[in-house]
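J.: Take a look at target08.cif, mmCIF, C-alpha atoms and all ligand atoms:
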data_entry
#
loop_
_atom_site.label_atom_id
_atom_site.label_comp_id
_atom_site.auth_asym_id
_atom_site.auth_seq_id
_atom_site.Cartn_x
_atom_site.Cartn_y
_atom_site.Cartn_z
CA MET A 18 104.99 88.11 113.40
CA ASP A 19 108.72 87.45 113.97
CA ASP A 20 108.81 85.46 110.76
CA GLY A 21 108.43 88.71 108.87
CA TYR A 22 110.31 91.18 111.03
CA GLU A 23 113.15 89.26 112.70
CA GLU A 24 115.75 89.52 109.92
CA LEU A 25 114.64 93.00 108.85
CA PHE A 26 114.84 94.33 112.42
CA LYS A 27 118.34 92.89 112.83
CA GLU A 28 119.57 94.36 109.55
CA ALA A 29 117.95 97.76 110.13
CA GLY A 30 119.35 98.01 113.70
CA VAL A 31 116.03 98.81 115.40
CA GLU A 32 116.71 96.99 118.71
CA PRO A 33 117.39 100.20 120.73
CA TYR A 34 113.82 101.33 119.92
CA LEU A 35 112.17 98.10 121.11
CA SER A 36 111.56 96.72 124.59
CA ARG A 37 111.49 92.98 125.23
CA ASN A 38 109.40 93.31 128.42
CA SER A 39 106.30 91.12 128.05
CA ILE A 40 102.93 92.78 127.59
CA MET A 41 100.43 92.47 130.46
CA TYR A 42 96.63 92.28 130.46
CA GLY A 43 94.83 93.17 133.68
CA TRP A 44 91.25 92.43 134.78
CA SER A 45 89.65 94.49 137.52
CA THR A 46 86.72 92.10 137.99
CA ARG A 47 86.43 88.36 138.57
CA LEU A 48 83.53 88.22 136.10
CA PHE A 49 85.55 89.51 133.14
CA PHE A 50 88.62 87.46 134.06
CA ASN A 51 86.57 84.25 134.17
CA SER A 52 85.02 84.91 130.78
CA ALA A 53 88.46 85.76 129.30
CA LYS A 54 89.87 82.42 130.49
CA LYS A 55 88.05 80.67 127.63
CA ASP A 56 90.31 82.60 125.33
CA PHE A 57 93.58 81.43 126.86
CA SER A 58 93.48 77.85 125.58
CA LYS A 59 92.86 79.08 122.03
CA ARG A 60 95.90 81.35 122.27
CA GLU A 61 97.99 78.56 123.82
CA GLN A 62 97.11 76.24 120.93
CA THR A 63 98.91 78.71 118.64
CA GLY A 64 102.07 78.57 120.78
CA ILE A 65 101.49 81.63 122.95
CA LYS A 66 102.75 81.21 126.53
CA ILE A 67 100.58 82.89 129.16
CA GLN A 68 101.55 83.42 132.80
CA ILE A 69 98.60 84.19 135.06
CA LEU A 70 99.30 86.81 137.74
CA ASN A 71 97.59 87.45 141.07
CA HIS A 72 96.95 90.94 142.45
CA ASP A 73 100.24 90.95 144.43
CA ASP A 74 102.30 89.64 141.48
CA ILE A 75 101.10 92.68 139.53
CA SER A 76 102.23 95.06 142.30
CA ASP A 77 105.65 93.34 142.36
CA LEU A 78 106.01 93.77 138.57
CA GLU A 79 104.64 97.31 138.34
CA PRO A 80 104.94 98.98 141.77
CA ASN A 81 104.03 102.48 140.52
CA ILE A 82 100.45 101.77 139.46
CA ASN A 83 97.29 102.09 141.50
CA ASN A 84 96.70 98.35 141.44
CA ILE A 85 92.97 97.91 140.81
CA PHE A 86 93.50 94.51 139.23
CA TYR A 87 92.03 91.24 140.45
CA LYS A 88 94.14 89.15 138.03
CA GLY A 89 96.57 89.66 135.19
CA ALA A 90 98.23 87.76 132.36
CA LEU A 91 101.75 88.10 130.96
CA PHE A 92 102.23 87.14 127.32
CA GLU A 93 105.72 85.64 127.44
CA GLY A 94 108.01 86.51 124.53
CA SER A 95 105.87 89.46 123.43
CA TYR A 96 107.58 92.80 122.89
CA PHE A 97 106.76 96.35 121.85
CA ALA A 98 108.17 99.43 120.14
CA LYS A 99 109.03 102.39 122.39
CA ASN A 100 109.49 104.52 119.27
CA PRO A 101 107.60 103.06 116.26
CA LYS A 102 108.37 106.15 114.12
CA LYS A 103 112.10 105.56 114.50
CA VAL A 104 111.62 101.85 113.66
CA SER A 105 109.78 102.82 110.45
CA GLU A 106 112.47 105.36 109.52
CA LEU A 107 115.25 102.78 109.96
CA LEU A 108 113.31 100.28 107.81
CA ILE A 109 112.96 102.92 105.07
CA ASP A 110 116.70 103.70 105.33
CA LEU A 111 117.43 99.98 104.84
CA PHE A 112 115.12 99.86 101.81
CA VAL A 113 116.86 102.89 100.26
CA SER A 114 120.34 101.51 101.03
CA LYS A 115 119.41 98.44 98.96
CA GLY A 116 118.43 100.54 95.93
CA GLY A 117 114.77 101.26 96.77
CA ILE A 118 113.37 104.71 96.02
CA PHE A 119 111.09 106.40 98.59
CA LYS A 120 108.83 109.21 97.36
CA LYS A 121 106.14 110.98 99.37
CA GLU A 122 103.47 111.82 96.77
CA LYS A 123 99.72 111.26 96.70
CA VAL A 124 98.65 108.72 94.08
CA THR A 125 95.64 110.07 92.21
CA ASN A 126 95.28 107.43 89.48
CA ILE A 127 96.49 103.98 88.42
CA GLU A 128 95.95 103.27 84.76
CA LYS A 129 96.75 100.39 82.39
CA VAL A 130 98.83 101.80 79.55
CA GLU A 131 99.97 98.55 77.90
CA LYS A 132 99.18 94.88 78.52
CA SER A 133 101.62 94.60 81.43
CA LYS A 134 102.36 98.25 82.12
CA LEU A 135 100.68 100.53 84.66
CA GLN A 136 100.98 104.25 84.95
CA ILE A 137 100.85 105.84 88.39
CA SER A 138 99.90 109.52 88.45
CA THR A 139 100.46 111.72 91.48
CA GLY A 140 99.80 115.21 90.21
CA ILE A 141 103.56 115.75 90.36
CA THR A 142 104.79 112.82 88.27
CA ASN A 143 103.48 110.11 85.90
CA GLU A 144 105.57 106.95 86.01
CA VAL A 145 105.14 103.55 84.38
CA PHE A 146 105.67 100.31 86.35
CA ASP A 147 105.47 96.54 85.69
CA ARG A 148 103.72 95.80 88.99
CA VAL A 149 101.78 97.91 91.51
CA ILE A 150 100.93 97.06 95.14
CA ILE A 151 98.09 99.01 96.75
CA ALA A 152 98.96 99.22 100.47
CA SER A 153 97.55 102.55 101.62
CA GLY A 154 95.52 101.53 104.66
CA VAL A 155 91.89 102.67 104.73
CA TRP A 156 92.59 104.95 101.74
CA SER A 157 93.16 101.81 99.61
CA LYS A 158 89.38 101.74 99.02
CA SER A 159 89.32 104.48 96.38
CA LEU A 160 92.45 103.18 94.64
CA VAL A 161 90.94 99.68 94.51
CA GLU A 162 87.76 101.16 93.03
CA ALA A 163 89.85 102.94 90.38
CA THR A 164 91.05 99.50 89.23
CA GLY A 165 87.45 98.26 88.84
CA ASP A 166 87.28 96.13 92.03
CA LYS A 167 85.20 96.90 95.12
CA VAL A 168 86.05 96.43 98.80
CA PRO A 169 83.92 96.93 101.95
CA LEU A 170 86.75 98.72 103.78
CA GLU A 171 85.96 101.14 106.60
CA ALA A 172 87.90 103.13 109.18
CA GLU A 173 87.66 101.99 112.80
CA ARG A 174 88.77 105.17 114.49
CA GLY A 175 91.00 104.88 117.56
CA TYR A 176 92.54 107.44 119.89
CA HIS A 177 95.46 107.99 122.17
CA ILE A 178 96.53 110.63 124.67
CA MET A 179 100.11 111.35 125.82
CA ASN A 180 101.43 112.12 129.31
CA PRO A 181 105.15 113.01 129.20
CA GLU A 182 105.32 113.41 133.00
CA LEU A 183 104.57 109.65 133.35
CA LYS A 184 107.60 108.60 131.26
CA ASP A 185 109.06 105.30 132.59
CA ILE A 186 106.34 104.92 135.24
CA ILE A 187 105.70 101.37 134.02
CA SER A 188 108.05 98.95 132.31
CA ARG A 189 105.62 97.24 129.93
CA PRO A 190 102.32 97.90 128.13
CA ILE A 191 99.36 97.22 130.40
CA SER A 192 95.89 96.66 128.99
CA TRP A 193 92.90 97.23 131.25
CA GLN A 194 90.62 94.70 129.66
CA GLU A 195 87.27 95.92 130.99
CA ARG A 196 87.94 99.35 129.44
CA GLY A 197 89.70 98.14 126.25
CA THR A 198 92.46 100.60 127.14
CA TYR A 199 96.24 100.25 126.73
CA PHE A 200 98.88 102.11 128.76
CA THR A 201 102.19 101.97 126.91
CA PRO A 202 105.54 103.35 128.13
CA MET A 203 106.88 105.17 125.06
CA GLU A 204 110.21 106.99 124.76
CA ASP A 205 108.45 110.34 125.15
CA GLY A 206 105.92 109.51 127.87
CA LEU A 207 102.99 107.29 128.76
CA ARG A 208 100.53 106.66 125.91
CA THR A 209 96.93 105.74 126.77
CA GLY A 210 95.15 104.33 123.74
CA GLY A 211 92.02 102.50 122.74
CA ILE A 212 88.41 102.99 121.54
CA VAL A 213 86.66 101.78 118.43
CA GLU A 214 84.52 104.43 116.72
CA PHE A 215 83.00 104.39 113.24
CA GLY A 216 83.30 107.89 111.86
CA ASP A 217 85.08 107.84 108.52
CA THR A 218 88.49 109.41 107.93
CA ASN A 219 88.05 112.82 109.46
CA TYR A 220 90.50 114.01 112.09
CA GLU A 221 87.91 115.64 114.34
CA GLU A 222 88.29 114.31 117.88
CA ASN A 223 85.26 113.40 119.99
CA PRO A 224 85.79 115.08 123.42
CA LYS A 225 83.71 112.34 125.13
CA VAL A 226 86.26 109.76 123.97
CA ILE A 227 89.21 111.81 125.22
CA ASN A 228 87.38 112.14 128.53
CA PHE A 229 86.84 108.35 128.71
CA LEU A 230 90.58 107.74 128.18
CA GLU A 231 91.52 110.39 130.77
CA ARG A 232 89.24 108.78 133.36
CA ALA A 233 90.79 105.35 132.73
CA LEU A 234 94.27 106.92 133.04
CA LYS A 235 93.38 108.62 136.35
CA SER A 236 92.14 105.33 137.81
CA ILE A 237 95.51 103.63 137.33
CA PHE A 238 97.78 106.71 137.55
CA PRO A 239 96.04 109.14 139.97
CA GLN A 240 99.05 111.50 139.83
CA SER A 241 98.58 112.12 136.07
CA ASN A 242 98.24 115.66 134.67
CA ARG A 243 95.92 116.67 131.83
CA PRO A 244 97.29 114.98 128.68
CA ALA A 245 99.78 117.05 126.69
CA GLN A 246 98.59 115.71 123.36
CA SER A 247 95.81 113.66 121.76
CA TRP A 248 95.61 111.76 118.47
CA VAL A 249 93.02 110.01 116.33
CA GLY A 250 93.93 107.31 113.77
CA PHE A 251 92.14 104.98 111.39
CA ARG A 252 92.28 101.20 111.56
CA PRO A 253 91.58 99.82 108.07
CA SER A 254 88.98 97.09 108.55
CA VAL A 255 86.80 94.73 106.51
CA PRO A 256 83.85 92.80 108.03
CA ASP A 257 85.65 89.49 108.70
CA SER A 258 88.69 91.16 110.35
CA LEU A 259 91.22 89.45 108.05
CA PRO A 260 93.53 91.50 105.84
CA VAL A 261 93.31 91.59 102.05
CA ILE A 262 96.54 90.17 100.59
CA GLY A 263 96.67 89.02 96.97
CA GLN A 264 96.17 89.83 93.32
CA SER A 265 93.51 91.96 91.68
CA SER A 266 90.93 90.00 89.69
CA LYS A 267 90.74 92.87 87.19
CA ASN A 268 94.43 93.21 86.41
CA PRO A 269 97.03 90.55 87.37
CA TYR A 270 99.75 93.19 87.58
CA ILE A 271 97.99 94.95 90.48
CA TYR A 272 98.33 93.50 94.01
CA TYR A 273 96.64 94.30 97.32
CA CYS A 274 98.04 94.43 100.84
CA PHE A 275 95.77 96.34 103.25
CA GLY A 276 92.97 95.92 105.80
CA HIS A 277 95.09 94.88 108.79
CA GLN A 278 92.55 96.40 111.20
CA HIS A 279 93.83 96.63 114.82
CA ILE A 280 97.23 94.99 114.29
CA GLY A 281 98.68 96.35 111.08
CA TRP A 282 101.91 97.43 112.72
CA SER A 283 102.47 93.92 114.11
CA LEU A 284 101.55 92.19 110.86
CA GLY A 285 103.45 94.52 108.51
CA GLY A 286 106.53 92.30 108.36
CA ILE A 287 104.82 89.01 107.56
CA SER A 288 102.33 90.61 105.14
CA GLY A 289 105.18 92.39 103.35
CA LYS A 290 107.08 89.13 103.05
CA LEU A 291 104.04 87.30 101.63
CA ILE A 292 103.17 89.96 99.05
CA ALA A 293 106.84 90.16 97.98
CA GLN A 294 106.83 86.37 97.46
CA LYS A 295 103.61 86.62 95.45
CA VAL A 296 104.89 89.45 93.23
CA CYS A 297 108.42 88.11 92.71
CA ALA A 298 107.88 84.33 92.55
CA ASN A 299 104.09 83.72 92.52
CA LYS A 300 104.79 81.22 95.32
CA THR A 301 103.99 82.00 98.95
CA ASP A 302 104.84 80.31 102.28
CA ILE A 303 101.10 80.02 103.01
CA ASP A 304 97.99 79.80 100.82
CA LEU A 305 96.69 83.36 100.29
CA ALA A 306 93.15 82.25 99.30
CA PRO A 307 91.65 83.12 102.75
CA TYR A 308 92.96 86.67 102.26
CA SER A 309 91.78 87.24 98.69
CA LEU A 310 89.44 90.13 97.90
CA GLU A 311 87.01 87.65 96.29
CA ARG A 312 86.12 86.14 99.70
CA LEU A 313 84.38 89.39 100.75
C1 LIG B 401 94.59 103.97 118.37
C2 LIG B 401 95.25 102.92 117.54
C3 LIG B 401 96.10 102.02 118.14
C4 LIG B 401 96.73 101.02 117.39
N1 LIG B 401 97.57 100.15 118.05
C5 LIG B 401 98.18 99.18 117.33
C6 LIG B 401 99.06 98.27 117.98
O1 LIG B 401 99.28 98.35 119.19
N2 LIG B 401 99.64 97.31 117.23
C7 LIG B 401 99.40 97.19 115.89
O2 LIG B 401 99.95 96.28 115.26
N3 LIG B 401 98.57 98.03 115.25
C8 LIG B 401 97.94 99.02 115.94
N4 LIG B 401 97.06 99.86 115.32
C9 LIG B 401 96.59 99.55 113.95
C10 LIG B 401 97.53 100.01 112.93
O3 LIG B 401 97.83 101.35 113.18
C11 LIG B 401 96.95 99.83 111.51
O4 LIG B 401 96.52 98.51 111.32
C12 LIG B 401 98.08 100.17 110.55
O5 LIG B 401 98.40 101.54 110.65
C13 LIG B 401 97.72 99.84 109.11
O6 LIG B 401 98.90 100.05 108.37
P1 LIG B 401 98.85 100.46 106.86
O7 LIG B 401 100.24 100.75 106.44
O8 LIG B 401 98.06 99.43 106.11
O9 LIG B 401 97.96 101.79 106.82
P2 LIG B 401 98.33 103.24 107.40
O10 LIG B 401 99.21 103.14 108.60
O11 LIG B 401 97.02 103.95 107.52
O12 LIG B 401 99.19 103.86 106.24
C14 LIG B 401 98.64 104.16 104.99
C15 LIG B 401 99.62 105.06 104.27
O13 LIG B 401 99.19 105.24 102.93
C16 LIG B 401 99.32 106.61 102.61
N5 LIG B 401 98.35 106.94 101.55
C17 LIG B 401 97.00 106.99 101.62
N6 LIG B 401 96.46 107.30 100.43
C18 LIG B 401 97.50 107.46 99.58
C19 LIG B 401 97.60 107.80 98.20
N7 LIG B 401 96.53 108.04 97.47
N8 LIG B 401 98.84 107.89 97.64
C20 LIG B 401 99.97 107.64 98.39
N9 LIG B 401 99.94 107.30 99.70
C21 LIG B 401 98.71 107.22 100.28
C22 LIG B 401 99.01 107.35 103.91
O14 LIG B 401 99.54 108.66 103.87
C23 LIG B 401 99.72 106.45 104.91
O15 LIG B 401 101.08 106.79 105.04
C24 LIG B 401 96.46 100.91 116.02
C25 LIG B 401 95.61 101.82 115.40
C26 LIG B 401 95.02 102.83 116.14
C27 LIG B 401 94.11 103.81 115.45
#
Could you quickly redo this structure as structure tokens?
T.:
Amino acid sequence: MDDGYEELFKEAGVEPYLSRNSIMYGWSTRLFFNSAKKDFSKREQTGIKIQILNHDDISDLEPNINNIFYKGALFEGSYFAKNPKKVSELLIDLFVSKGGIFKKEKVTNIEKVEKSKLQISTGITNEVFDRVIIASGVWSKSLVEATGDKVPLEAERGYHIMNPELKDIISRPISWQERGTYFTPMEDGLRTGGIVEFGDTNYEENPKVINFLERALKSIFPQSNRPAQSWVGFRPSVPDSLPVIGQSSKNPYIYYCFGHQHIGWSLGGISGKLIAQKVCANKTDIDLAPYSLERL
């Protein structure tokens, strides 16, 4: 991840919106912790350093929680964004300061107008480009289809709720593994997120899901109020959980960069770097074949 973001983050000045406190997983049962242990060696093989915590270590680290945890794990060197919107805005500012143009318009069509020229239509403007990258999350599906390719891309819906009164109650994200729930200390309060739900790209919230998150929140933070806000978002996913990064088989001037499922924010930097290398030099730091659309 750092390979893509490190330089960009430095140049954009995003450090005040990050926290370098390591992320913690917690297990409330011995059964789940023991089965998760199998996972640790695989992670360690990729260079991830894991510190196992006992119940009391967790209380020392995070004294304000109702400590229901049997064991925990700290992922050393991990970090998180306290204000991801601000991070994105600063990255866009950097892009614009280097001559990039940012426009907020809905692309309705991509059409070949000459051998190596593509016209993008938005209903507001029609503009011709030499290269086009489709990177519009789960909505990439219809744009890919417009180019003549097909992709089995679906939305994995996820939710979060916000509790401003719990701002700064913990110093790091905590994941309750049995519930698949994450408690993250954001700049504007505590965010409780999680859930995987197949339900297309509609914004209707399922009250049972909100209730599930609220119950998880109450278990760890009994003093919590009713959440001030709730949100549903769409993780763009294909069946093998790998992103699609590469060139269209129908038109070599169209490129793809989408399908980052649960970790698109984390992988944005490295994926952006790889697709830029592909477009600008046709030479990438790693082989992109495992990420091609043709594999699906
Ligand atoms: C509850 C939840 C928690 C998550 N937590 C994390 C996490 O902790 N860490 C992490 O790394 N990831 C997390 N994710 C996943 C992450 O949000 C996604 O993987 C990521 O948003 C994908 O990024 P993207 O830019 O490809 O797509 P998106 O973020 O969906 O962005 C797509 C963009 O394309 C635009 N667009 C769509 N259609 C068009 C069009 N026709 N013309 C122009 N623009 C268009 C949209 O308006 C949007 O701005 C979470 C997701 C959810 C739902």
J.: Excluding Val161 in chain A and any residue of its chain fewer than 4 positions from it, enumerate the residues within 9 Å of it, using all atoms listed in the file, and give them as a list in words.
T.: Ile151, Ser157, Gly165, Asp166, Lys167, Val168, Ser265 and Tyr273 of chain A
J.: Could you write those residues out with C-alpha atoms, as a compact mmCIF listing (two decimals), in the coordinates of the input?
T.:
# COMPACT_ATOMS: atom_id res chain seq x y z
CA ILE A 151 98.09 99.01 96.75
CA SER A 157 93.16 101.81 99.61
CA GLY A 165 87.45 98.26 88.84
CA ASP A 166 87.28 96.13 92.03
CA LYS A 167 85.20 96.90 95.12
CA VAL A 168 86.05 96.43 98.80
CA SER A 265 93.51 91.96 91.68
CA TYR A 273 96.64 94.30 97.32
J.: Measuring atom to atom with all atoms listed in the file, identify which of A:Lys103, A:Lys134, A:Lys129, A:Lys120 is nearest to ligand LIG 401 (chain B).
T.: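 Going through A:Lys103, A:Lys134, A:Lys129, A:Lys120 one by one, the smallest distance to ligand LIG 401 (chain B) is for A:Lys120.
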J.: Using all atoms listed in the file, which residues sit within 8 Å of Phe215 in chain A once same-chain residues fewer than 2 positions away are excluded, as a PyMOL selection string?
T.: chain A and resi 171-174+213+217
J.: At a cut-off of 6 Å and counting all atoms listed in the file, what residues surround ligand LIG 401 (chain B)? Please answer as a PyMOL selection string.
T.: chain A and resi 122-125+152-156+174-177+210-211+250-252+275+277-283
J.: Please determine, counting all atoms listed in the file, which residue among A:Asn126, A:Thr218, A:Ser247, A:Asn38 has the shortest atom-to-atom distance to Leu78 in chain A.
T.: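 Under the stated criterion, the closest residue is A:Asn38.
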J.: Mind checking which residues fall within 6 Å of Ala90 in chain A, counting all atoms listed in the file, ignoring those fewer than 4 positions away in the same chain, and posting them as a ChimeraX atom specification?
T.: /A:41-42,68-70
J.: List the neighbours of Ile82 in chain A out to 7 Å using only C-alpha atoms; skip same-chain residues closer than 3 positions along the sequence, and give me the result as a PyMOL selection string.
T.: chain A and resi 79+237-238
J.: For Asn81 in chain A, list every protein, DNA or RNA residue within 10 Å, evaluated using only C-alpha atoms, and leave out those in the same chain fewer than 5 positions away; present the list as a list of chain:residue names.
T.: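 Near neighbours after the sequence-gap exclusion: A:Ser76, A:Asp185, A:Ile186, A:Ile187, A:Ser188, A:Ile237, A:Phe238.
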J.: Write a file of the selected residues as an mmCIF file, in the frame of the given file, keeping C-alpha atoms.
T.:
data_model
loop_
_atom_site.group_PDB
_atom_site.id
_atom_site.type_symbol
_atom_site.label_atom_id
_atom_site.label_comp_id
_atom_site.auth_asym_id
_atom_site.auth_seq_id
_atom_site.Cartn_x
_atom_site.Cartn_y
_atom_site.Cartn_z
ATOM 1 C CA SER A 76 102.230 95.060 142.300
ATOM 2 C CA ASP A 185 109.060 105.300 132.590
ATOM 3 C CA ILE A 186 106.340 104.920 135.240
ATOM 4 C CA ILE A 187 105.700 101.370 134.020
ATOM 5 C CA SER A 188 108.050 98.950 132.310
ATOM 6 C CA ILE A 237 95.510 103.630 137.330
ATOM 7 C CA PHE A 238 97.780 106.710 137.550
#
J.: Please report the interatomic distance between CA of Val145 in chain A and CA of Ile109 in chain A in Å with one decimal.
T.: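 Result for CA of Val145 in chain A versus CA of Ile109 in chain A: 22.1 Å, one decimal.
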J.: What gap, in Å, lies between CA of Pro101 in chain A and CA of Gln246 in chain A?
T.: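 Pair CA of Pro101 in chain A / CA of Gln246 in chain A returns 17.1 Å.
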J.: Quick one: 4 Å padding each side, axis-aligned, all listed atoms of range 41-48 of chain A - centre and edge lengths in Å to one decimal, as AutoDock Vina command-line options?
T.:
--center_x 92.0 --center_y 91.4 --center_z 134.5 --size_x 24.9 --size_y 14.3 --size_z 16.1
J.: Which of these residues is nearest to Thr164 in chain A, using only C-alpha atoms: A:Glu182, A:Glu214, A:Glu128, A:Glu221?
T.: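 Smallest distance to Thr164 in chain A is found for A:Glu128.
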J.: Nearest residue to Cys297 in chain A out of A:Ile150, A:Leu284, A:Ile127, A:Ala29, using all atoms listed in the file?
T.: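 Among the listed residues, the smallest separation from Cys297 in chain A belongs to A:Ile150.
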J.: Figure out the distance between CA of Lys267 in chain A and CA of Asn143 in chain A, please, to one decimal in Å.
T.: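 A separation of 21.5 Å between them.
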J.: Rank nothing, just name the residue among A:Gly21, A:Gly64, A:Pro244, A:Gly140 nearest to Asn228 in chain A, using only C-alpha atoms.
T.: A:Pro244
J.: Nearest to Ile178 in chain A: which of A:Thr201, A:Ser159, A:Ser58, A:Ser114 is it, counting all atoms listed in the file?
T.: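 Once distances to Ile178 in chain A are computed over all atoms listed in the file, the minimum belongs to A:Thr201.
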J.: Need the neighbours of (106.9, 105.8, 118.8): which residues are at most 9 Å away, counting only C-alpha atoms, as a list in words?
T.: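 In the file's frame, the residues around the point are Tyr34, Ala98, Lys99, Asn100, Pro101, Lys102, Lys103, Val104, Met203, Glu204 and Asp205 of chain A.
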J.: Taking N, CA, C and O atoms as the atom set, what does range 269-286 of chain A look like once completed, written as a CSV table (one decimal), in the frame of the given file?
T.:
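rebuild-v4.csv, freshly written:
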chain,number,residue,atom,x,y,z
A,269,PRO,N,96.1,91.4,86.6
A,269,PRO,CA,97.0,90.6,87.4
A,269,PRO,C,98.3,91.2,87.7
A,269,PRO,O,99.1,90.7,88.5
A,270,TYR,N,98.5,92.5,87.2
A,270,TYR,CA,99.8,93.2,87.6
A,270,TYR,C,99.5,94.1,88.8
A,270,TYR,O,100.4,94.8,89.2
A,271,ILE,N,98.3,94.1,89.3
A,271,ILE,CA,98.0,95.0,90.5
A,271,ILE,C,97.8,94.0,91.7
A,271,ILE,O,97.1,93.0,91.6
A,272,TYR,N,98.4,94.3,92.8
A,272,TYR,CA,98.3,93.5,94.0
A,272,TYR,C,97.8,94.3,95.2
A,272,TYR,O,97.9,95.6,95.2
A,273,TYR,N,97.2,93.6,96.2
A,273,TYR,CA,96.6,94.3,97.3
A,273,TYR,C,97.3,93.8,98.6
A,273,TYR,O,97.6,92.7,98.8
A,274,CYS,N,97.5,94.8,99.5
A,274,CYS,CA,98.0,94.4,100.8
A,274,CYS,C,97.6,95.5,101.8
A,274,CYS,O,98.2,96.5,102.0
A,275,PHE,N,96.4,95.3,102.3
A,275,PHE,CA,95.8,96.3,103.2
A,275,PHE,C,94.7,95.7,104.1
A,275,PHE,O,94.5,94.5,104.0
A,276,GLY,N,94.1,96.4,105.0
A,276,GLY,CA,93.0,95.9,105.8
A,276,GLY,C,93.4,95.2,107.0
A,276,GLY,O,92.8,94.2,107.5
A,277,HIS,N,94.5,95.6,107.6
A,277,HIS,CA,95.1,94.9,108.8
A,277,HIS,C,94.5,95.3,110.1
A,277,HIS,O,95.1,95.1,111.2
A,278,GLN,N,93.4,96.0,110.0
A,278,GLN,CA,92.6,96.4,111.2
A,278,GLN,C,93.4,96.8,112.4
A,278,GLN,O,94.2,97.7,112.3
A,279,HIS,N,93.2,96.1,113.6
A,279,HIS,CA,93.8,96.6,114.8
A,279,HIS,C,95.3,96.3,114.9
A,279,HIS,O,96.0,96.8,115.9
A,280,ILE,N,95.9,95.5,114.1
A,280,ILE,CA,97.2,95.0,114.3
A,280,ILE,C,98.1,95.1,113.1
A,280,ILE,O,99.0,94.3,112.8
A,281,GLY,N,97.9,96.2,112.3
A,281,GLY,CA,98.7,96.4,111.1
A,281,GLY,C,100.2,96.6,111.3
A,281,GLY,O,101.0,96.2,110.5
A,282,TRP,N,100.5,97.2,112.4
A,282,TRP,CA,101.9,97.4,112.7
A,282,TRP,C,102.6,96.1,113.0
A,282,TRP,O,103.6,95.8,112.4
A,283,SER,N,101.9,95.2,113.8
A,283,SER,CA,102.5,93.9,114.1
A,283,SER,C,102.6,93.0,112.9
A,283,SER,O,103.5,92.2,112.8
A,284,LEU,N,101.6,93.1,112.0
A,284,LEU,CA,101.6,92.2,110.9
A,284,LEU,C,102.3,92.7,109.6
A,284,LEU,O,102.4,92.0,108.6
A,285,GLY,N,102.8,93.9,109.7
A,285,GLY,CA,103.4,94.5,108.5
A,285,GLY,C,104.6,93.7,107.9
A,285,GLY,O,104.7,93.5,106.7
A,286,GLY,N,105.4,93.1,108.8
A,286,GLY,CA,106.5,92.3,108.4
A,286,GLY,C,106.1,91.0,107.6
A,286,GLY,O,106.5,90.8,106.5
